[in-house]
Amino acid sequence: MVVVLNDRKRLHQLRDRLAELQPPLLQLEAIGEGEQAMADVARLNPAVARRARQQGMARWLIPFGFLAGLTFTYITDLDTFAFAGAWSQHLIGALLGMGSGWMGSFAAAASVRSEEDDRIRSLRNRVEEGNWLLLAETANGIDMPWTSLQQAKPLAVVRLGDG
């Protein structure tokens with residue numbers, strides 16, 4: 001959850017109040033001018049999420065690309081890589097399929113847009129307007145201290161998707 005504040009003093013008061021809670025919050029980070037940069041927070045950086053998606057896709061697409069390239073060279077019986085010999089041309093086809101799977105993981109990861117990306121964009125706009133953000137995350141089963149949040153009079157409270 002991200003709390004948007006327009007007063008740095010209230011940001012520090014809220015952060016100090018939330019830091020004293022028991023059990024402690026899993027994550028509590030102040031973001032904005034004079035605080036941590038938004039790009040340094042992994043949860044608010046879409047490039048980090050895209051890289052994780054790409055690596056997850058690559059785990060599946062590279063082996064399947066290898067098998068698809070190998071199968072394709074056996075099925076078509078083309079002599080595209082005849083210079084390499086009978087056995088090696090199938091291996092070259094499999095390696096090319098593996099490379100295609102790797103490139104496909106980048107394309108697939110870049111093409112996915114999430115609702116959270118739009119929320120992060122709106123938060124980035126708030127920071128550029130001169131506001132501050134407080135990223136707070138509680139453990140599962142622990143409620144957010146709503147009374148403390150309301151006392152800080154935030155401009156907005158944005159809930160990020162669980163992931």
# chains A, B, ... in the order shown; residues from 1 in each chain; ligands from 1
>>> residues_around(residues="range 134-140 of chain A", least_positions_apart="5", cutoff="9 Å", atoms="only C-alpha atoms", output="ChimeraX atom specification")
/A:1-5,11,14-15,18,23-32
>>> select_by_dssp(residues="range 20-159 of chain A", states="alpha helix (DSSP H)", output="PyMOL selection string")
chain A and resi 46-76+86-111+115-128+146-151
>>> atom_distance(atom1="CA of His90 in chain A", atom2="CA of Leu78 in chain A")
9.7 Å
>>> residues_around(residues="Trp87 in chain A", least_positions_apart="4", cutoff="12 Å", atoms="only C-alpha atoms", output="list in words")
Leu70, Thr73, Tyr74, Asp77, Asp79, Phe81, Ala82, Phe83, Leu91, Ile92, Gly93 and Ala94 of chain A
>>> write_last_selection(atoms="N, CA, C and O atoms", output="short mmCIF file (atom, residue, chain, number, x, y, z; two decimals), in the first residue's frame")
data_model
loop_
_atom_site.label_atom_id
_atom_site.label_comp_id
_atom_site.auth_asym_id
_atom_site.auth_seq_id
_atom_site.Cartn_x
_atom_site.Cartn_y
_atom_site.Cartn_z
N LEU A 70 15.00 -28.68 -32.93
CA LEU A 70 15.48 -30.04 -33.22
C LEU A 70 14.42 -30.82 -34.00
O LEU A 70 14.72 -31.46 -35.02
N THR A 73 14.08 -29.57 -37.68
CA THR A 73 15.12 -30.02 -38.60
C THR A 73 14.94 -31.50 -38.97
O THR A 73 15.24 -31.88 -40.09
N TYR A 74 14.44 -32.30 -38.05
CA TYR A 74 14.19 -33.71 -38.38
C TYR A 74 12.97 -33.87 -39.28
O TYR A 74 12.97 -34.68 -40.20
N ASP A 77 13.67 -32.23 -42.93
CA ASP A 77 14.79 -32.88 -43.60
C ASP A 77 15.47 -31.95 -44.61
O ASP A 77 15.91 -32.37 -45.68
N ASP A 79 18.47 -29.46 -45.84
CA ASP A 79 19.93 -29.47 -45.70
C ASP A 79 20.46 -28.03 -45.63
O ASP A 79 21.41 -27.67 -46.33
N PHE A 81 22.05 -26.57 -43.23
CA PHE A 81 23.39 -26.54 -42.64
C PHE A 81 24.16 -27.79 -43.03
O PHE A 81 24.82 -28.42 -42.20
N ALA A 82 24.13 -28.15 -44.31
CA ALA A 82 24.77 -29.37 -44.79
C ALA A 82 26.28 -29.34 -44.58
O ALA A 82 26.91 -30.39 -44.43
N PHE A 83 26.87 -28.15 -44.56
CA PHE A 83 28.32 -28.04 -44.35
C PHE A 83 28.75 -28.62 -43.01
O PHE A 83 29.90 -29.02 -42.84
N LEU A 91 21.71 -30.24 -34.60
CA LEU A 91 22.11 -29.51 -33.41
C LEU A 91 22.08 -28.00 -33.64
O LEU A 91 21.62 -27.25 -32.78
N ILE A 92 22.53 -27.55 -34.80
CA ILE A 92 22.48 -26.12 -35.13
C ILE A 92 21.03 -25.64 -35.17
O ILE A 92 20.70 -24.57 -34.66
N GLY A 93 20.15 -26.44 -35.76
CA GLY A 93 18.72 -26.08 -35.79
C GLY A 93 18.15 -25.98 -34.38
O GLY A 93 17.35 -25.09 -34.08
N ALA A 94 18.56 -26.90 -33.50
CA ALA A 94 18.08 -26.87 -32.12
C ALA A 94 18.60 -25.63 -31.39
O ALA A 94 17.87 -24.99 -30.64
#
>>> select_by_dssp(residues="chain A", states="strand (DSSP E or B)", output="PyMOL selection string")
chain A and resi 2-5+27-31+36+132-137+156-158
